[in-house]
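Novice: Hey, dropping coords.txt in here, compact mmCIF, C-alpha atoms and all ligand atoms:
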# COMPACT_ATOMS: atom_id res chain seq x y z
CA MET E 1 35.56 88.43 36.59
CA GLY E 2 39.17 88.70 37.65
CA ARG E 3 39.37 84.90 37.50
CA LEU E 4 38.72 84.74 33.77
CA THR E 5 42.30 85.35 32.80
CA PRO E 6 43.81 82.53 34.88
CA TRP E 7 41.10 80.15 33.67
CA LEU E 8 41.74 81.03 30.02
CA ALA E 9 45.51 80.89 30.24
CA PRO E 10 46.04 77.09 30.53
CA PRO E 11 44.06 76.14 27.38
CA ALA E 12 45.87 78.87 25.43
CA LEU E 13 49.17 77.45 26.59
CA ALA E 14 48.09 73.95 25.56
CA ILE E 15 47.23 75.16 22.05
CA GLY E 16 50.63 76.76 21.80
CA LEU E 17 52.31 73.49 22.75
CA LEU E 18 50.23 71.56 20.23
CA VAL E 19 51.33 73.87 17.40
CA ALA E 20 54.93 73.64 18.50
CA GLY E 21 54.58 69.85 18.64
CA ALA E 22 53.17 69.70 15.11
CA ASP E 23 55.98 71.95 13.95
CA SER E 24 58.77 69.83 15.37
CA ALA E 25 57.20 66.71 13.89
CA ALA E 26 57.13 68.31 10.38
CA ALA E 27 59.93 67.47 8.03
CA PHE E 28 60.89 71.07 7.28
CA ASP E 29 63.44 72.16 9.87
CA GLY E 30 64.00 75.86 9.32
CA PHE E 31 66.00 78.27 7.21
CA GLY E 32 69.75 78.36 6.70
CA ASP E 33 71.77 81.50 6.00
CA LEU E 34 70.20 84.37 4.08
CA GLU E 35 72.08 85.71 1.08
CA ALA E 36 71.37 88.59 -1.29
CA ASP E 37 73.27 90.58 -3.88
CA SER E 38 72.36 93.08 -6.57
CA THR E 39 73.49 94.58 -9.85
CA TYR E 40 72.14 98.05 -10.60
CA GLY E 41 69.64 98.18 -13.44
CA ASP E 42 69.60 94.39 -13.66
CA ALA E 43 68.44 92.41 -10.63
CA VAL E 44 68.37 91.76 -6.91
CA ARG E 45 68.96 88.06 -6.12
CA PHE E 46 67.79 86.46 -2.88
CA GLU E 47 68.77 82.97 -1.74
CA VAL E 48 68.18 80.91 1.37
CA GLY E 49 69.08 77.38 2.44
CA LEU E 50 66.29 75.00 3.56
CA ARG E 51 66.89 72.49 6.34
CA GLY E 52 65.05 69.19 6.33
CA ASP E 53 62.35 68.41 3.77
CA THR E 54 60.82 70.98 1.48
CA PRO E 55 57.85 72.80 3.09
CA ASP E 56 54.46 73.02 1.36
CA ARG E 57 54.92 76.65 0.44
CA ILE E 58 57.78 79.16 0.38
CA GLU E 59 57.34 82.89 -0.01
CA LEU E 60 59.67 85.88 0.02
CA LEU E 61 58.35 89.03 1.73
CA ILE E 62 60.06 92.16 0.40
CA ARG E 63 59.76 95.63 1.91
CA THR E 64 61.04 99.01 0.73
CA PRO E 65 60.96 102.28 2.73
CA GLY E 66 57.62 104.06 2.68
CA GLY E 67 55.74 100.97 1.48
CA ASP E 68 52.48 100.14 3.28
CA GLY E 69 53.15 96.43 3.41
CA ALA E 70 55.35 93.64 2.16
CA PHE E 71 55.44 92.49 -1.45
CA VAL E 72 54.86 88.72 -1.25
CA VAL E 73 56.41 86.47 -3.91
CA PRO E 74 55.72 82.71 -4.08
CA VAL E 75 59.02 80.92 -4.70
CA GLU E 76 59.49 77.37 -6.01
CA PRO E 77 62.41 75.80 -4.12
CA SER E 78 65.12 73.88 -5.93
CA GLY E 79 66.59 71.10 -3.77
CA ALA E 80 67.89 72.50 -0.51
CA THR E 81 67.71 76.16 -1.55
CA ALA E 82 65.14 78.74 -2.59
CA THR E 83 66.12 81.54 -4.94
CA TYR E 84 64.25 84.59 -6.19
CA VAL E 85 65.54 87.03 -8.79
CA TRP E 86 63.82 90.44 -8.77
CA ASP E 87 64.17 91.82 -12.30
CA THR E 88 64.97 95.49 -11.76
CA SER E 89 65.72 96.05 -15.45
CA THR E 90 61.96 96.31 -16.02
CA ASP E 91 60.85 97.05 -12.45
CA TYR E 92 62.70 100.29 -11.70
CA LEU E 93 64.13 100.59 -8.20
CA THR E 94 65.82 103.79 -7.05
CA PRO E 95 69.51 103.35 -6.23
CA ASN E 96 70.41 103.44 -2.53
CA THR E 97 67.08 101.87 -1.56
CA LEU E 98 67.48 99.70 1.52
CA VAL E 99 65.49 96.53 0.81
CA THR E 100 64.49 94.43 3.82
CA TYR E 101 63.09 90.93 3.49
CA ARG E 102 62.08 87.71 5.22
CA TRP E 103 61.47 84.20 3.93
CA ARG E 104 58.26 82.48 5.02
CA ALA E 105 57.66 78.75 4.96
CA THR E 106 54.27 77.13 5.42
CA ASP E 107 54.27 73.44 6.20
CA GLY E 108 50.89 72.01 7.11
CA GLU E 109 49.59 74.25 9.89
CA ALA E 110 53.02 75.55 10.83
CA VAL E 111 54.29 78.89 9.55
CA ARG E 112 57.88 79.97 10.07
CA GLN E 113 59.59 83.21 9.15
CA SER E 114 63.31 83.69 8.75
CA GLU E 115 65.22 86.46 10.47
CA GLU E 116 65.14 89.77 8.58
CA GLY E 117 67.70 90.26 5.81
CA ARG E 118 68.80 93.59 4.35
CA ILE E 119 70.40 94.61 1.10
CA ARG E 120 71.16 98.09 -0.16
CA TYR E 121 70.54 98.46 -3.90
CA GLU E 122 73.71 100.29 -4.88
CA ASP E 123 74.42 102.10 -8.12
CA ASP E 124 77.34 99.87 -9.10
CA ARG E 125 77.36 100.66 -12.81
CA PRO E 126 80.79 100.23 -14.43
CA GLY E 127 82.94 103.37 -14.30
CA LEU E 128 81.32 104.77 -11.15
CA ASP E 129 84.24 104.47 -8.71
CA TRP E 130 82.35 105.90 -5.75
CA GLN E 131 84.18 107.63 -2.94
CA SER E 132 82.39 109.01 0.07
CA ALA E 133 82.83 111.18 3.14
CA GLN E 134 80.71 112.34 6.06
CA LEU E 135 80.27 116.06 5.37
CA GLY E 136 77.88 118.49 7.06
CA GLU E 137 74.63 116.59 7.73
CA ALA E 138 75.13 113.96 5.03
CA THR E 139 77.26 111.19 3.65
CA VAL E 140 78.31 112.60 0.29
CA HIS E 141 79.27 110.20 -2.52
CA TRP E 142 81.12 111.23 -5.68
CA TYR E 143 83.21 109.73 -8.43
CA GLY E 144 85.82 111.00 -10.90
CA GLY E 145 87.18 114.44 -10.10
CA ALA E 146 84.13 115.87 -8.26
CA GLU E 147 85.56 115.91 -4.75
CA ALA E 148 85.71 119.72 -4.40
CA GLN E 149 82.03 120.13 -5.46
CA ALA E 150 81.02 117.21 -3.26
CA ARG E 151 82.64 118.83 -0.23
CA ARG E 152 80.85 122.10 -0.97
CA PHE E 153 77.52 120.25 -1.19
CA GLY E 154 78.26 118.57 2.12
CA ASP E 155 78.83 121.93 3.82
CA LEU E 156 75.58 123.23 2.34
CA THR E 157 73.56 120.31 3.77
CA ALA E 158 74.47 121.65 7.21
CA VAL E 159 73.20 125.14 6.27
CA GLY E 160 69.99 123.79 4.70
CA VAL E 161 69.18 121.41 7.55
CA GLU E 162 69.71 124.08 10.20
CA ARG E 163 67.42 126.55 8.42
CA ALA E 164 64.75 123.93 7.77
CA GLU E 165 64.82 122.62 11.34
CA GLU E 166 64.31 126.14 12.64
CA LEU E 167 61.45 126.87 10.25
CA LEU E 168 59.69 123.51 10.70
CA GLY E 169 60.30 123.24 14.43
CA SER E 170 61.59 119.67 14.31
CA GLU E 171 64.82 117.82 13.79
CA LEU E 172 66.27 115.80 10.98
CA ALA E 173 65.27 112.26 11.92
CA GLY E 174 67.93 110.13 10.26
CA PRO E 175 70.98 109.98 8.01
CA VAL E 176 71.02 111.59 4.56
CA ASP E 177 72.95 110.42 1.49
CA VAL E 178 73.92 112.74 -1.36
CA PHE E 179 75.10 111.24 -4.66
CA VAL E 180 76.93 113.60 -7.02
CA TYR E 181 76.74 112.59 -10.71
CA ASP E 182 79.05 114.03 -13.31
CA SER E 183 77.36 113.04 -16.57
CA GLN E 184 73.74 113.48 -17.63
CA GLU E 185 73.55 109.83 -18.68
CA ASP E 186 74.69 108.61 -15.27
CA PHE E 187 72.30 111.01 -13.49
CA PHE E 188 69.18 110.13 -15.48
CA GLY E 189 70.17 106.46 -15.34
CA ALA E 190 69.84 106.74 -11.56
CA LEU E 191 66.51 108.64 -11.56
CA GLY E 192 64.80 106.05 -13.75
CA PRO E 193 62.23 106.28 -16.52
CA GLY E 194 59.77 108.69 -14.86
CA ALA E 195 62.13 111.67 -14.43
CA ARG E 196 61.25 114.94 -16.14
CA GLU E 197 63.93 115.93 -18.62
CA TRP E 198 64.43 119.37 -17.02
CA THR E 199 65.42 117.82 -13.65
CA GLY E 200 68.78 119.03 -12.34
CA ALA E 201 68.60 117.67 -8.79
CA ALA E 202 66.17 115.42 -6.95
CA ALA E 203 65.35 114.31 -3.41
CA TYR E 204 63.76 110.92 -2.66
CA SER E 205 62.67 111.57 0.91
CA GLU E 206 61.47 108.03 1.67
CA ILE E 207 64.99 106.69 1.15
CA ARG E 208 66.63 109.89 2.53
CA THR E 209 68.66 110.26 -0.66
CA ILE E 210 69.49 113.27 -2.84
CA PHE E 211 70.80 113.06 -6.38
CA MET E 212 72.78 116.01 -7.75
CA TRP E 213 73.97 116.46 -11.35
CA LEU E 214 76.98 118.73 -11.87
CA GLY E 215 75.68 119.70 -15.33
CA GLY E 216 72.24 120.60 -13.93
CA GLY E 217 72.98 124.31 -13.85
CA SER E 218 75.39 127.04 -12.83
CA ALA E 219 77.40 126.80 -9.61
CA GLU E 220 74.87 129.20 -8.06
CA TYR E 221 71.92 127.05 -9.19
CA LEU E 222 73.52 123.91 -7.73
CA GLU E 223 74.09 125.62 -4.38
CA VAL E 224 70.47 126.70 -3.95
CA ALA E 225 69.33 123.32 -5.32
CA MET E 226 71.30 121.59 -2.55
CA ILE E 227 69.52 123.71 0.09
CA HIS E 228 66.17 123.04 -1.63
CA GLU E 229 66.59 119.25 -1.75
CA VAL E 230 67.78 118.83 1.83
CA THR E 231 64.82 120.95 2.99
CA HIS E 232 62.53 118.33 1.40
CA ILE E 233 64.04 115.67 3.68
CA VAL E 234 63.54 117.76 6.84
CA PHE E 235 59.98 118.55 5.68
CA HIS E 236 59.34 114.82 5.23
CA ASP E 237 60.51 114.13 8.79
CA ALA E 238 58.59 117.13 10.20
CA THR E 239 55.26 116.09 8.64
CA ASP E 240 55.59 112.29 8.57
CA ASN E 241 52.26 110.59 9.24
CA PRO E 242 50.56 107.34 8.20
CA PHE E 243 47.62 109.05 6.44
CA HIS E 244 48.70 111.27 3.53
CA GLU E 245 51.42 113.35 1.95
CA PRO E 246 51.10 117.05 2.70
CA ALA E 247 50.08 119.30 -0.20
CA ARG E 248 52.75 119.33 -2.91
CA TRP E 249 52.54 123.12 -3.33
CA LEU E 250 53.39 123.49 0.36
CA ASN E 251 56.30 121.03 0.24
CA GLU E 252 57.80 122.69 -2.86
CA GLY E 253 56.89 126.16 -1.57
CA ILE E 254 58.81 125.66 1.67
CA ALA E 255 61.82 124.12 -0.14
CA THR E 256 61.93 126.97 -2.67
CA TRP E 257 61.33 129.70 -0.07
CA SER E 258 64.22 128.27 1.99
CA GLU E 259 66.69 128.74 -0.88
CA THR E 260 66.84 132.50 -0.30
CA ARG E 261 64.23 132.96 2.48
CA GLU E 262 62.16 135.33 0.40
CA ALA E 263 59.96 135.12 -2.70
CA SER E 264 60.58 138.20 -4.86
CA GLY E 265 61.39 136.25 -8.04
CA GLU E 266 58.35 134.01 -7.61
CA ARG E 267 56.11 137.01 -6.90
CA THR E 268 57.05 138.48 -10.30
CA ILE E 269 56.02 135.21 -11.99
CA VAL E 270 52.65 135.07 -10.18
CA GLU E 271 51.91 138.75 -10.88
CA SER E 272 52.57 138.27 -14.56
CA GLU E 273 50.43 135.10 -14.76
CA ALA E 274 47.63 136.78 -12.77
CA ARG E 275 47.51 139.46 -15.48
CA ASP E 276 47.79 137.17 -18.49
CA GLY E 277 47.00 133.50 -18.02
CA GLY E 278 45.22 133.11 -14.69
CA LEU E 279 46.32 131.28 -11.54
CA PHE E 280 45.76 127.75 -10.28
CA ALA E 281 43.46 126.85 -7.41
CA PHE E 282 45.60 125.37 -4.62
CA GLU E 283 43.49 122.20 -4.66
CA ALA E 284 44.64 121.75 -8.27
CA ILE E 285 48.34 121.62 -7.30
CA THR E 286 47.98 119.52 -4.16
CA GLU E 287 48.84 116.14 -5.70
CA GLN E 288 50.82 116.80 -8.88
CA PHE E 289 52.16 119.76 -10.80
CA PRO E 290 51.47 120.13 -14.52
CA ILE E 291 54.12 118.65 -16.82
CA GLY E 292 54.39 121.75 -19.04
CA GLU E 293 56.96 124.46 -18.33
CA ARG E 294 54.49 127.28 -17.68
CA GLY E 295 52.30 125.22 -15.35
CA GLY E 296 55.28 123.79 -13.48
CA ARG E 297 56.91 127.18 -12.98
CA LEU E 298 53.66 128.77 -11.84
CA SER E 299 52.98 125.93 -9.37
CA TYR E 300 56.37 126.39 -7.69
CA ALA E 301 55.87 130.17 -7.69
CA GLN E 302 52.38 129.97 -6.13
CA GLY E 303 53.61 127.59 -3.43
CA THR E 304 56.55 129.83 -2.59
CA THR E 305 54.53 133.06 -2.50
CA MET E 306 51.82 131.41 -0.37
CA VAL E 307 54.48 130.29 2.12
CA ASP E 308 55.90 133.83 2.07
CA LEU E 309 52.40 135.28 2.69
CA ILE E 310 51.80 132.90 5.61
CA ILE E 311 55.15 133.79 7.21
CA ALA E 312 54.60 137.54 6.69
CA ALA E 313 51.04 137.56 8.03
CA HIS E 314 51.22 134.91 10.76
CA GLY E 315 54.91 134.67 11.65
CA PRO E 316 57.44 131.92 10.87
CA ASP E 317 56.07 129.82 13.76
CA ALA E 318 52.94 129.22 11.68
CA ILE E 319 54.97 126.80 9.53
CA ALA E 320 56.05 124.75 12.57
CA ARG E 321 52.42 124.65 13.81
CA MET E 322 51.32 123.33 10.40
CA ALA E 323 54.01 120.63 10.44
CA ALA E 324 52.95 119.55 13.94
CA ALA E 325 49.31 119.32 12.77
CA TYR E 326 50.33 117.07 9.84
CA ARG E 327 52.18 114.79 12.25
CA ASP E 328 48.93 114.48 14.22
CA GLY E 329 47.07 113.46 11.06
CA ALA E 330 45.54 116.77 9.93
CA SER E 331 44.20 117.22 6.41
CA ASP E 332 45.72 120.03 4.30
CA ALA E 333 42.90 122.41 5.22
CA GLU E 334 43.16 121.53 8.93
CA ALA E 335 46.94 122.01 8.91
CA LEU E 336 46.62 125.43 7.25
CA GLU E 337 44.08 126.51 9.85
CA ALA E 338 46.15 125.07 12.72
CA GLY E 339 49.12 127.12 11.56
CA THR E 340 47.43 130.42 10.77
CA GLY E 341 44.17 130.41 12.72
CA VAL E 342 42.45 131.24 9.44
CA ASP E 343 40.09 128.93 7.57
CA ALA E 344 41.83 127.48 4.48
CA ASP E 345 39.31 128.88 1.97
CA GLU E 346 39.67 132.31 3.54
CA LEU E 347 43.46 131.99 3.30
CA TYR E 348 43.23 131.10 -0.40
CA ALA E 349 40.89 134.05 -0.98
CA GLU E 350 43.37 136.36 0.78
CA TYR E 351 46.13 135.04 -1.44
CA PHE E 352 44.27 135.63 -4.71
CA GLY E 353 43.09 139.00 -3.40
CA ALA E 354 46.73 140.02 -2.84
CA PHE E 355 47.31 139.45 -6.58
CA GLY E 356 44.11 141.27 -7.54
CA VAL E 357 42.24 138.23 -8.88
CA ASP E 358 39.28 136.12 -7.77
CA ALA E 359 39.89 132.60 -6.50
CA PRO E 360 39.68 130.20 -9.47
CA THR E 361 36.52 128.10 -9.57
CA PRO E 362 36.08 124.65 -11.13
CA ILE E 363 35.31 124.62 -14.83
CA GLU E 364 32.19 122.58 -15.57
CA PRO E 365 32.57 120.28 -18.58
CA GLU E 366 30.26 120.92 -21.52
CA PRO E 367 27.58 118.22 -21.68
CA LEU E 368 28.29 115.51 -24.24
CA ALA E 369 25.78 115.84 -27.06
CA PRO E 370 23.64 112.82 -27.93
CA SER E 371 24.88 110.77 -30.85
CA ASN E 372 23.68 111.77 -34.35
CA VAL E 373 25.15 108.68 -36.02
CA ASP E 374 22.65 106.61 -38.03
CA ARG E 375 22.31 103.18 -36.52
CA PRO E 376 20.09 100.21 -37.30
CA ALA E 377 17.20 99.76 -34.88
CA VAL E 378 17.79 97.39 -32.01
CA GLY E 379 17.10 93.78 -33.04
CA ARG E 380 17.91 94.28 -36.72
CA VAL E 381 21.67 93.68 -36.49
CA ASP E 382 23.02 91.59 -39.38
CA SER E 383 24.39 88.30 -38.15
CA GLY E 384 28.14 87.80 -38.35
CA GLY E 385 29.05 91.44 -38.02
CA VAL E 386 29.76 93.37 -34.86
CA ASP E 387 28.13 96.77 -34.80
CA PRO E 388 29.36 98.72 -31.81
CA GLY E 389 26.56 101.27 -32.24
CA ALA E 390 23.72 98.81 -31.75
CA GLU E 391 24.03 97.10 -28.42
CA PRO E 392 20.70 96.03 -26.98
CA GLY E 393 19.35 98.71 -24.73
CA ALA E 394 21.23 101.56 -26.40
CA GLU E 395 19.44 104.90 -26.26
CA PRO E 396 17.68 105.96 -29.44
CA PRO E 397 20.06 108.36 -31.18
CA ASP E 398 17.80 111.40 -31.15
CA GLU E 399 16.68 111.31 -27.53
CA ALA E 400 18.39 113.96 -25.49
CA ALA E 401 19.31 113.20 -21.89
CA PRO E 402 17.71 115.42 -19.23
CA GLY E 403 19.40 118.80 -19.06
CA GLU E 404 21.08 118.48 -22.43
CA GLU E 405 20.29 120.66 -25.38
CA PRO E 406 18.67 118.84 -28.28
CA VAL E 407 20.62 118.25 -31.49
CA GLY E 408 20.06 120.90 -34.13
CA SER E 409 19.54 123.80 -31.76
CA GLY E 410 22.59 125.33 -33.39
CA SER E 411 24.20 126.26 -30.11
CA GLU E 412 27.97 126.03 -29.99
CA PRO E 413 28.41 123.45 -27.18
CA VAL E 414 26.35 120.89 -29.08
CA LEU E 415 28.33 121.43 -32.26
CA VAL E 416 31.61 121.17 -30.41
CA GLY E 417 30.38 118.09 -28.55
CA GLY E 418 29.16 116.50 -31.79
CA LEU E 419 32.51 117.10 -33.41
CA ALA E 420 34.30 115.57 -30.45
CA VAL E 421 32.09 112.47 -30.68
CA ALA E 422 32.73 112.23 -34.43
CA LEU E 423 36.47 112.59 -33.93
CA GLY E 424 36.34 110.04 -31.12
CA LEU E 425 34.56 107.50 -33.36
CA ALA E 426 37.03 108.13 -36.19
CA GLY E 427 39.88 107.57 -33.74
CA THR E 428 38.30 104.32 -32.52
CA ALA E 429 37.88 103.09 -36.08
CA ALA E 430 41.51 103.90 -36.89
CA TYR E 431 42.58 102.11 -33.71
CA LEU E 432 40.51 99.03 -34.53
CA MET E 433 41.94 98.94 -38.06
CA SER E 434 45.47 99.15 -36.74
CA ARG E 435 44.70 96.36 -34.23
CA ARG E 436 43.40 94.17 -37.06
CA ALA E 437 46.51 94.92 -39.11
CA ALA E 438 48.63 94.02 -36.09
CA ARG E 439 46.76 90.73 -35.69
CA ARG E 440 47.43 89.90 -39.29
CA TRP E 441 51.11 90.58 -38.65
CA ASP E 442 51.02 88.18 -35.71
CA ALA E 443 49.43 85.47 -37.84
ZN ZN B 501 61.53 120.40 -4.82
So that I can check it, write out the structure of this file as structure tokens.
Ligand SMILES: [Zn+2]
Specialist:
Amino acid sequence: MGRLTPWLAPPALAIGLLVAGADSAAAFDGFGDLEADSTYGDAVRFEVGLRGDTPDRIELLIRTPGGDGAFVVPVEPSGATATYVWDTSTDYLTPNTLVTYRWRATDGEAVRQSEEGRIRYEDDRPGLDWQSAQLGEATVHWYGGAEAQARRFGDLTAVGVERAEELLGSELAGPVDVFVYDSQEDFFGALGPGAREWTGAAAYSEIRTIFMWLGGGSAEYLEVAMIHEVTHIVFHDATDNPFHEPARWLNEGIATWSETREASGERTIVESEARDGGLFAFEAITEQFPIGERGGRLSYAQGTTMVDLIIAAHGPDAIARMAAAYRDGASDAEALEAGTGVDADELYAEYFGAFGVDAPTPIEPEPLAPSNVDRPAVGRVDSGGVDPGAEPGAEPPDEAAPGEEPVGSGSEPVLVGGLAVALGLAGTAAYLMSRRAARRWDA
């Protein structure tokens, strides 16, 4: 069987030559220089020269850090050039994102890609006369009169990175940029439309960039915030894997715990909520935290106190073992067990036990009551009108689904459910009326 390879090689080579021959015979003769420039909050423009005749198809392949694949845009060439304008006024792109791209031409059977181009999407809004310096573990950028604060932030990145590397058992894997904004308008203009209005500092780990706002809080707040944000970047490097993001409560818990390396303030919050409002299951704060102030604060506090419990009961090395497990592709539960030797559910139970409460359990939704709206029988719909309640095959209104309580039993869930259905129908009617009004406006 060892002879198979030599026998297969010549035909493969011949095919390669045929393709190359077809390519050289085609009229399109390759790409010229790549050019790109950008204006923050407006657009990124890409342009490339085309040699020879226009190919059958031209596409631009755009990549941003953390993306799973390239964003492919078909581009119509104009003469000897192809141009694409990415409208970032509607398609928000975080400043300091390093965009990489290639042009691809398809001409008959032949496909050619250009070399890779790169453009950094800089925040070049008027009035932001950026200055920068390599300070601590970061390149710190500031404008106006913020140099003294910027230098302090730079020093703190060194403190934060050192602590986080020790805790997570791995090293910072690349450069970090810190942008210091003076005004709230400039700061939120950088974070884009999705930012919560209480944000005072933010880390975008995929692009290794931290945004600080000098008005975000007291000098003391800003100092711990700097430690917190840079910890997020080390955590990202320590847990980086192609499968999933580690639990959010753990990421925020480690960043918050690292601010002061203890959790007394957060413990007070959890104790008070355990008495009054109840705690969250950890599965409920794995992806996102609630938007509201109470839910957000409690999520951070639970994450921080859980990290504190893990370190107290299993030693600080447990955190590094968890990070290593994530790098190897562990799920959240597997990473927790790899770090502590304790099954995740048992660990959660221990946590809630420490605060004197039972682990929260899922709340089952009340069954939706069957409709009690009078509807014409199927097949007797007046022509010309659309009756949303009488589609063919609709259930008779008084037939309860298995497991549901019948209408009229007087039990509370049915009444509540009935009310919800009634309100829902009223809402739909109001919506439809407003749509019709809107249509009239259009006409
Ligand atoms: Zn955070």
Novice: Contacts of region 116-124 of chain E at 9 Å or less, counting all atoms listed in the file, minus same-chain residues fewer than 5 places along, as a ChimeraX atom specification?
Specialist: /E:34-41,44,93-103,129-130,190
Novice: Residues of chain E within 7 Å of ligand ZN 501 (chain B): nearest atom pair and distance (Å, one decimal) for each, counting all atoms listed in the file, sorted by chain and number, as a tab-separated table?
Specialist:
residue	atom	partner	partner_atom	distance
E:His228	CA	B:ZN501	ZN	6.2
E:Glu229	CA	B:ZN501	ZN	6.0
E:His232	CA	B:ZN501	ZN	6.6
E:Glu252	CA	B:ZN501	ZN	4.8
E:Ala255	CA	B:ZN501	ZN	6.0
E:Thr256	CA	B:ZN501	ZN	6.9
Novice: Using all atoms listed in the file, can you list as an MDAnalysis selection string the residues within 12 Å of (50.9, 106.3, 9.3)?
Specialist: chainID E and resid 66:69 239:245 326:330
Novice: Do you have the CA of Val111 (chain E)-CA of Glu59 (chain E) distance handy?
Specialist: 10.8 Å
Novice: Figure out the distance between CA of Tyr204 (chain E) and CA of Ile310 (chain E), please, to one decimal in Å.
Specialist: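 Interatomic distance here is 26.4 Å.
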Novice: Find the residues around Ala164 (chain E) up to 8 Å (all atoms listed in the file counted), leave out those fewer than 3 positions away in its own chain, and share them as a count of residues only.
Specialist: 8
Novice: I'd like the contact shell of region 70-77 of chain E - 8 Å cut-off, all atoms listed in the file, skipping same-chain residues fewer than 4 positions apart - returned as a list in words.
Specialist: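 My list of contacting residues is Thr54, Arg57, Ile58, Glu59, Leu60, Leu61, Ile62, Arg63, Thr64, Thr81, Ala82, Thr83 and Tyr84 of chain E.
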Novice: With all atoms listed in the file as the counted atoms, please give the residues lying no more than 12 Å from region 320-325 of chain E, apart from itself and same-chain residues fewer than 3 positions off, as number ranges by chain.
Specialist: E: 164-171, 234-241, 245-247, 250-251, 254, 307, 310-311, 314-317, 328-342, 344
Novice: What is the CA of Thr106 (chain E) to CA of Asp33 (chain E) distance in Å?
Specialist: 18.0 Å
Novice: Using only C-alpha atoms, which residue out of E:Thr305, E:Thr361, E:Thr199, E:Gln184 lies closest to Leu214 (chain E)?
Specialist: E:Gln184
Novice: Name the closest residue to Leu279 (chain E) among the candidates E:Asp358, E:Glu366, E:Asp182, E:Asp87; distances are taken between atoms, counting all atoms listed in the file.
Specialist: E:Asp358
Novice: Which one is closest to Glu271 (chain E): E:Tyr351, E:Arg104, E:Gly217, E:Gly145? Count only C-alpha atoms.
Specialist: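 Checking each of E:Tyr351, E:Arg104, E:Gly217, E:Gly145 against Glu271 (chain E), counting only C-alpha atoms, the winner is E:Tyr351.
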Novice: Tell me which protein, DNA and RNA residues are within 10 Å of Asp186 (chain E), counting all atoms listed in the file, leaving out same-chain ones fewer than 2 positions away, and put them as a PyMOL selection string.
Specialist: chain E and resi 123+125+127-128+180-184+188-191+213
Novice: Nearest residue to Ala27 (chain E) out of E:Pro65, E:Asp53, E:Glu293, E:Gly353, using all atoms listed in the file?
Specialist: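 Using all atoms listed in the file, Ala27 (chain E) sits closest to E:Asp53.
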Novice: Using all atoms listed in the file, which residue out of E:Met226, E:Ala219, E:Ala146, E:Ala195 lies closest to Val178 (chain E)?
Specialist: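 Among the listed residues, the smallest separation from Val178 (chain E) belongs to E:Met226.
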